[in-house]
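Heads up, query26.txt below (compact mmCIF, C-alpha atoms):
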# COMPACT_ATOMS: atom_id res chain seq x y z
CA MET P 1 42.50 -48.43 5.85
CA LYS P 2 43.11 -47.07 2.36
CA ILE P 3 39.94 -45.00 2.57
CA LEU P 4 41.01 -43.50 5.87
CA LEU P 5 44.40 -42.58 4.43
CA ALA P 6 42.74 -41.02 1.39
CA VAL P 7 40.45 -38.91 3.59
CA GLY P 8 43.42 -37.90 5.73
CA ASN P 9 45.39 -36.92 2.65
CA PHE P 10 42.43 -34.91 1.34
CA PHE P 11 42.34 -32.81 4.52
CA VAL P 12 46.10 -32.31 4.47
CA VAL P 13 46.12 -31.23 0.81
CA TYR P 14 43.02 -29.01 0.97
CA LYS P 15 43.50 -27.70 4.52
CA ASP P 16 43.90 -24.07 3.47
CA LEU P 17 41.02 -24.26 1.05
CA LEU P 18 38.73 -25.78 3.69
CA ILE P 19 39.61 -23.02 6.16
CA THR P 20 38.77 -20.44 3.51
CA VAL P 21 35.48 -22.18 2.67
CA THR P 22 34.56 -22.23 6.37
CA TRP P 23 35.14 -18.46 6.62
CA VAL P 24 33.18 -17.80 3.45
CA LEU P 25 30.22 -19.85 4.73
CA ALA P 26 30.35 -18.03 8.09
CA ALA P 27 30.38 -14.67 6.30
CA ILE P 28 27.45 -15.66 4.05
CA SER P 29 25.39 -16.85 7.00
CA TRP P 30 26.18 -13.61 8.86
CA VAL P 31 25.04 -11.53 5.87
CA VAL P 32 21.82 -13.55 5.49
CA THR P 33 21.02 -13.39 9.23
CA ASN P 34 21.78 -9.69 9.32
CA LYS P 35 19.58 -9.01 6.30
CA GLN P 36 16.71 -10.97 7.81
CA ALA P 37 17.07 -9.14 11.13
CA ASN P 38 17.09 -5.76 9.38
CA ARG P 39 14.00 -6.68 7.40
CA ARG P 40 12.23 -7.87 10.55
CA GLU P 41 13.12 -4.60 12.26
CA LEU P 42 11.96 -2.54 9.26
CA ARG P 43 8.71 -4.50 9.17
CA LYS P 44 8.12 -3.81 12.87
CA GLU P 45 8.92 -0.11 12.52
CA THR P 46 6.72 0.21 9.42
CA ARG P 47 3.84 -1.52 11.20
CA SER P 48 4.05 0.91 14.14
CA GLU P 49 4.34 3.91 11.80
CA ILE P 50 1.28 2.81 9.80
CA ASP P 51 -0.68 2.34 13.03
CA ALA P 52 0.37 5.80 14.21
CA ILE P 53 -0.53 7.46 10.89
CA SER P 54 -3.87 5.65 10.79
CA LYS P 55 -4.63 6.79 14.34
CA ALA P 56 -3.72 10.39 13.51
CA ALA P 57 -5.82 10.29 10.33
CA ALA P 58 -8.79 8.81 12.22
CA GLU P 59 -8.50 11.60 14.80
CA VAL P 60 -8.87 14.10 11.97
CA ILE P 61 -12.41 12.74 11.45
CA SER P 62 -13.46 13.45 15.04
CA LYS P 63 -11.71 16.84 14.95
CA CYS P 64 -13.57 17.73 11.75
CA ARG P 65 -16.88 16.62 13.28
CA LYS P 66 -16.26 18.89 16.27
CA TYR P 67 -15.04 21.75 14.05
CA TYR P 68 -18.08 21.68 11.77
CA SER P 69 -20.54 21.18 14.65
CA LEU P 70 -19.92 24.77 15.78
CA PRO P 71 -20.26 27.99 13.81
CA PRO P 72 -17.21 29.96 12.61
CA SER P 73 -18.09 32.64 15.17
CA ASP P 74 -17.07 30.23 17.94
CA PRO P 75 -14.01 31.68 19.76
CA GLU P 76 -12.11 28.37 19.37
CA ASP P 77 -12.82 28.08 15.63
CA ASP P 78 -9.34 29.16 14.49
CA VAL P 79 -7.66 26.92 17.06
CA ARG P 80 -9.66 23.90 15.87
CA SER P 81 -8.97 24.53 12.21
CA ALA P 82 -5.25 25.06 12.95
CA GLU P 83 -5.16 21.74 14.80
CA ILE P 84 -6.77 19.96 11.86
CA SER P 85 -4.34 21.57 9.40
CA PHE P 86 -1.42 20.58 11.61
CA GLU P 87 -2.62 16.97 11.80
CA VAL P 88 -3.18 16.81 8.04
CA LYS P 89 0.33 18.13 7.38
CA ARG P 90 1.85 15.62 9.82
CA VAL P 91 -0.04 12.75 8.18
CA LEU P 92 1.21 13.83 4.74
CA ILE P 93 4.82 14.20 5.90
CA ARG P 94 4.84 10.85 7.70
CA THR P 95 3.21 8.98 4.81
CA GLU P 96 5.64 10.44 2.27
CA ARG P 97 8.60 9.62 4.52
CA LEU P 98 7.33 6.07 4.92
CA SER P 99 6.89 5.79 1.17
CA ARG P 100 10.49 6.91 0.56
CA ARG P 101 11.88 4.61 3.23
CA VAL P 102 9.97 1.44 2.41
CA GLY P 103 9.07 2.38 -1.12
CA LYS P 104 10.76 -0.51 -2.93
CA ASN P 105 8.43 -2.05 -5.54
CA SER P 106 6.42 1.18 -5.32
CA ALA P 107 4.53 -0.38 -2.44
CA PHE P 108 3.18 2.91 -1.16
CA VAL P 109 2.30 4.60 -4.46
CA LYS P 110 -1.41 4.21 -3.70
CA ALA P 111 -0.87 5.68 -0.25
CA LYS P 112 0.72 8.76 -1.80
CA THR P 113 -2.26 9.17 -4.12
CA ALA P 114 -4.61 8.61 -1.19
CA CYS P 115 -2.74 11.39 0.65
CA GLY P 116 -3.87 13.80 -2.05
CA ASP P 117 -7.51 12.68 -1.73
CA PHE P 118 -7.26 12.93 2.05
CA PHE P 119 -5.81 16.46 1.82
CA ASP P 120 -8.54 17.50 -0.64
CA ALA P 121 -11.33 16.01 1.45
CA VAL P 122 -10.28 17.64 4.71
CA THR P 123 -9.22 21.08 3.48
CA GLN P 124 -11.83 21.54 0.76
CA ASP P 125 -14.27 24.42 0.82
CA PRO P 126 -15.79 25.38 3.35
CA PHE P 127 -12.82 24.53 5.60
CA GLN P 128 -11.51 27.70 7.28
CA SER P 129 -14.25 29.75 5.64
CA LYS P 130 -15.81 32.41 7.82
CA ASN P 131 -19.06 32.07 5.89
CA ARG P 132 -19.45 28.36 6.43
CA GLY P 133 -22.48 26.91 8.13
CA VAL P 134 -22.73 24.21 10.78
CA LEU P 135 -22.61 20.72 9.28
CA ALA P 136 -24.43 17.63 10.48
CA PRO P 137 -22.37 14.46 11.07
CA GLY P 138 -23.96 12.88 7.99
CA SER P 139 -23.28 15.81 5.69
CA THR P 140 -21.59 15.29 2.34
CA GLU P 141 -18.46 17.19 3.43
CA LEU P 142 -17.95 15.04 6.53
CA ARG P 143 -18.68 11.87 4.59
CA LEU P 144 -15.98 12.89 2.12
CA VAL P 145 -13.55 13.36 5.01
CA GLU P 146 -14.40 9.88 6.32
CA ALA P 147 -14.02 8.40 2.84
CA GLY P 148 -10.64 10.13 2.41
CA VAL P 149 -9.38 8.79 5.73
CA HIS P 150 -10.61 5.27 4.93
CA ARG P 151 -8.88 5.33 1.55
CA LEU P 152 -5.63 6.46 3.13
CA ILE P 153 -5.72 3.78 5.83
CA ASP P 154 -6.61 1.09 3.27
CA ALA P 155 -3.79 2.22 0.98
CA LEU P 156 -1.29 2.13 3.87
CA GLU P 157 -2.40 -1.39 4.83
CA GLU P 158 -2.14 -2.51 1.21
CA GLY P 159 1.30 -0.92 0.91
CA PHE P 160 2.44 -2.83 3.98
CA THR P 161 1.22 -6.10 2.51
CA VAL P 162 2.97 -5.42 -0.80
CA ALA P 163 6.22 -4.34 0.85
CA PHE P 164 6.49 -7.34 3.16
CA LYS P 165 4.77 -10.14 1.28
CA MET E 166 1.22 35.55 -9.57
CA TYR E 167 -0.56 35.96 -12.91
CA PRO E 168 1.12 39.31 -13.81
CA ALA E 169 4.51 37.84 -12.90
CA LEU E 170 3.88 34.75 -15.03
CA LEU E 171 3.15 36.95 -18.02
CA LYS E 172 6.58 38.57 -17.70
CA GLU E 173 8.92 35.84 -16.47
CA ASP E 174 9.40 32.36 -15.03
CA VAL E 175 8.10 32.04 -11.49
CA LYS E 176 9.19 29.73 -8.69
CA VAL E 177 6.75 29.26 -5.80
CA ILE E 178 8.25 27.89 -2.59
CA LEU E 179 5.64 26.49 -0.23
CA ASP E 180 7.94 25.50 2.63
CA GLY E 181 7.45 27.09 6.02
CA VAL E 182 3.70 27.48 5.61
CA LEU E 183 1.71 25.85 8.40
CA THR E 184 -1.66 25.66 6.70
CA LEU E 185 -2.50 25.19 3.08
CA GLY E 186 -6.03 24.36 2.05
CA SER E 187 -7.03 22.60 -1.13
CA SER E 188 -9.62 25.31 -1.79
CA PHE E 189 -6.91 28.00 -1.60
CA LEU E 190 -4.50 26.07 -3.83
CA ASP E 191 -7.25 25.32 -6.33
CA GLU E 192 -8.26 28.96 -6.44
CA ALA E 193 -4.69 30.25 -6.69
CA PHE E 194 -3.34 27.77 -9.23
CA GLY E 195 -6.38 26.22 -10.92
CA GLY E 196 -7.67 29.79 -11.18
CA LEU E 197 -4.83 30.61 -13.58
CA VAL E 198 -6.61 28.37 -16.07
CA ARG E 199 -10.22 29.02 -15.08
CA ALA E 200 -10.15 32.75 -14.41
CA LYS E 201 -7.14 33.93 -16.38
CA GLY E 202 -7.42 31.61 -19.34
CA MET E 203 -3.83 30.36 -19.25
CA LYS E 204 -3.10 26.99 -20.80
CA PRO E 205 -1.74 24.24 -18.52
CA GLN E 206 1.20 23.64 -20.93
CA GLU E 207 2.05 27.33 -20.80
CA ILE E 208 2.00 27.26 -16.98
CA ARG E 209 4.18 24.11 -16.97
CA LYS E 210 6.84 25.99 -18.91
CA LYS E 211 6.90 29.04 -16.69
CA LEU E 212 6.00 27.85 -13.21
CA THR E 213 8.12 25.86 -10.77
CA ILE E 214 6.61 24.73 -7.49
CA SER E 215 8.80 23.67 -4.64
CA SER E 216 7.67 22.02 -1.41
CA GLU E 217 9.02 19.56 1.12
CA ILE E 218 5.61 17.86 0.82
CA ASP E 219 5.18 16.20 -2.57
CA THR E 220 1.42 15.97 -2.11
CA TYR E 221 1.07 19.75 -2.31
CA VAL E 222 3.00 19.87 -5.59
CA ASP E 223 1.05 16.93 -7.07
CA ARG E 224 -2.27 18.43 -6.07
CA ILE E 225 -1.40 21.86 -7.47
CA TRP E 226 -0.59 20.35 -10.88
CA SER E 227 -3.79 18.32 -10.75
CA TYR E 228 -5.78 21.52 -10.08
CA ILE E 229 -4.04 23.23 -13.00
CA GLU E 230 -4.61 20.28 -15.32
CA ASP E 231 -8.11 19.48 -14.08
CA PRO E 232 -10.19 18.97 -17.28
CA ARG E 233 -13.16 20.54 -15.48
CA ASN E 234 -11.32 23.86 -15.60
CA LYS E 235 -12.40 24.27 -19.21
CA ALA E 236 -16.01 23.61 -18.40
CA LYS E 237 -16.13 26.00 -15.46
How does this structure look as structure tokens?
Amino acid sequence: MKILLAVGNFFVVYKDLLITVTWVLAAISWVVTNKQANRRELRKETRSEIDAISKAAAEVISKCRKYYSLPPSDPEDDVRSAEISFEVKRVLIRTERLSRRVGKNSAFVKAKTACGDFFDAVTQDPFQSKNRGVLAPGSTELRLVEAGVHRLIDALEEGFTVAFK
Amino acid sequence: MYPALLKEDVKVILDGVLTLGSSFLDEAFGGLVRAKGMKPQEIRKKLTISSEIDTYVDRIWSYIEDPRNKAK
């Protein structure tokens, strides 16, 4: 009986404090849940963006193969090179934006460096040269493009792992 | 750009350009060292490069500071 009275007294005396504690706990749990939901959403968005960038970068390989398989005298030559340049620029912009947005812990530093290699590989000489020859799929230039794209995709995947480990 | 750099500080704004090739940037900026004999430190003091794409700026400075420039 004494114990019951003591417990009753405790709730009477600390009623206001307990109400406050309840609100504080509710607020903390809301903050934690909200943070986790935001992180889950960011993870999902980052995953889709990496997939989209990787797809665009991979398409640059096939566009380069097509571009170099025909001579510069081909009537569509300028159109093809403009498409490649456009894709390269979009890949750079999207990767840099991703790096700024999810760049905590410098997760995408390697991806930014890989962007430079990718840009170099695709737009190096003889890209957009009117004196260039036709290149075979196994040529050094096209292999460099493939290597640049692979490095970029690998760096993006690694960045994702680092950002959301 | 070289004559301007001899006289004053130069700011190059690359925004609004659809296509920029690494071979062009290397020739235009790395060429300041290779062809015109400027020192990378000297270029750093006088040249400002602005672009919405950081990769362009990073690459340009790497072409300017490429150690192979001296050997070429």
Review point. With only C-alpha atoms as the atoms that count, which of E:Pro232, E:Gly186, E:Gly181, E:Pro205 lies nearest to chain P?
Key: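 The shortest atom-to-atom distance to chain P comes from E:Gly186.
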Exercise for review: Take CA of Ser48 in chain P and CA of Ala114 in chain P and report the distance between them in Å, one decimal.
Suggested key: 19.2 Å
Exercise for review: Write down, as a list in words, each residue of chain E that has any atom within 6 Å of an atom of chain P, counting only C-alpha atoms.
Suggested key: Thr184, Gly186, Ser187, Ser188 and Thr220 of chain E
Exercise for review: Counting all atoms listed in the file, find the residues whose atoms lie at most 12 Å from (-12.0, 21.3, -10.8) (file coordinates) and write them out as a ChimeraX atom specification.
Suggested key: /P:120,124 /E:187-188,190-192,194-196,198-199,224-237
Exercise for review: Between CA of Asp174 in chain E and CA of Tyr221 in chain E, measure the distance and give it in Å to one decimal.
Suggested key: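 Distance between the two atoms: 19.8 Å.
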Review point. Between CA of Leu197 in chain E and CA of Lys210 in chain E, what is the distance, to one decimal in Å?
Key: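 We find that CA of Leu197 in chain E and CA of Lys210 in chain E lie 13.6 Å from each other.
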Could the centre and edge lengths of an axis-aligned box, enclosing all atoms of range 2-8 of chain P in the file with 5 Å extra on each side, be given in Å to one decimal as JSON?
{"center_x": 42.2, "center_y": -42.5, "center_z": 3.6, "size_x": 14.5, "size_y": 19.2, "size_z": 14.5}
**Study point:** Residues near Ala155 in chain P, cut-off 12 Å, only C-alpha atoms, skip fewer than 5 positions along chain, as a VMD selection string
**Key:** chain P and resid 50 53 to 54 95 99 107 to 118 148 to 150 160 to 163
Those same residues, written as a compact mmCIF listing (two decimals), keeping the file's coordinate frame with C-alpha atoms?
# COMPACT_ATOMS: atom_id res chain seq x y z
CA ILE P 50 1.28 2.81 9.80
CA ILE P 53 -0.53 7.46 10.89
CA SER P 54 -3.87 5.65 10.79
CA THR P 95 3.21 8.98 4.81
CA SER P 99 6.89 5.79 1.17
CA ALA P 107 4.53 -0.38 -2.44
CA PHE P 108 3.18 2.91 -1.16
CA VAL P 109 2.30 4.60 -4.46
CA LYS P 110 -1.41 4.21 -3.70
CA ALA P 111 -0.87 5.68 -0.25
CA LYS P 112 0.72 8.76 -1.80
CA THR P 113 -2.26 9.17 -4.12
CA ALA P 114 -4.61 8.61 -1.19
CA CYS P 115 -2.74 11.39 0.65
CA GLY P 116 -3.87 13.80 -2.05
CA ASP P 117 -7.51 12.68 -1.73
CA PHE P 118 -7.26 12.93 2.05
CA GLY P 148 -10.64 10.13 2.41
CA VAL P 149 -9.38 8.79 5.73
CA HIS P 150 -10.61 5.27 4.93
CA PHE P 160 2.44 -2.83 3.98
CA THR P 161 1.22 -6.10 2.51
CA VAL P 162 2.97 -5.42 -0.80
CA ALA P 163 6.22 -4.34 0.85
Practice item. Measuring atom to atom with all atoms listed in the file, identify which of P:Arg151, P:Arg101, P:Arg65, P:Lys15 is nearest to Ser139 in chain P. Key: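 Of P:Arg151, P:Arg101, P:Arg65, P:Lys15, the one nearest Ser139 in chain P is P:Arg65, counting all atoms listed in the file.
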Check your understanding: Got a sec: who's within 9 Å of Ile214 in chain E, counting only C-alpha atoms, leaving out chain neighbours fewer than 3 positions off, as a list in words?
Key ->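 Result of the neighbour search: Val175, Lys176, Val177, Ile178, Leu179, Val222 and Ile225 of chain E.
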Practice item. Using only C-alpha atoms, determine which residues lie at most 8 Å from Tyr167 in chain E, disregarding the query and same-chain residues fewer than 2 positions distant; provide the list as a PyMOL selection string. Key: chain E and resi 169-171+197+201
Point to revise | All residues 12 Å or closer to Lys172 in chain E, all atoms listed in the file, same chain fewer than 4 positions away omitted, as a list in words | key: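 After dropping sequence-adjacent residues, the list is Met166, Tyr167, Pro168, Lys211 and Leu212 of chain E.
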Practice item. Give the answer as one residue: which of P:Leu25, P:Trp30, P:Gly133, P:Leu42 has the shortest atom-to-atom distance to Ser73 in chain P, using only C-alpha atoms? Key: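 Closest residue, counting only C-alpha atoms: P:Gly133.
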Exercise for review: Write out as a ChimeraX atom specification the residues lying within 12 Å of Lys66 in chain P, counting only C-alpha atoms and excluding same-chain residues fewer than 6 positions away.
Suggested key: /P:59-60,72,74,76-77,79-81,83-84,134-137,142
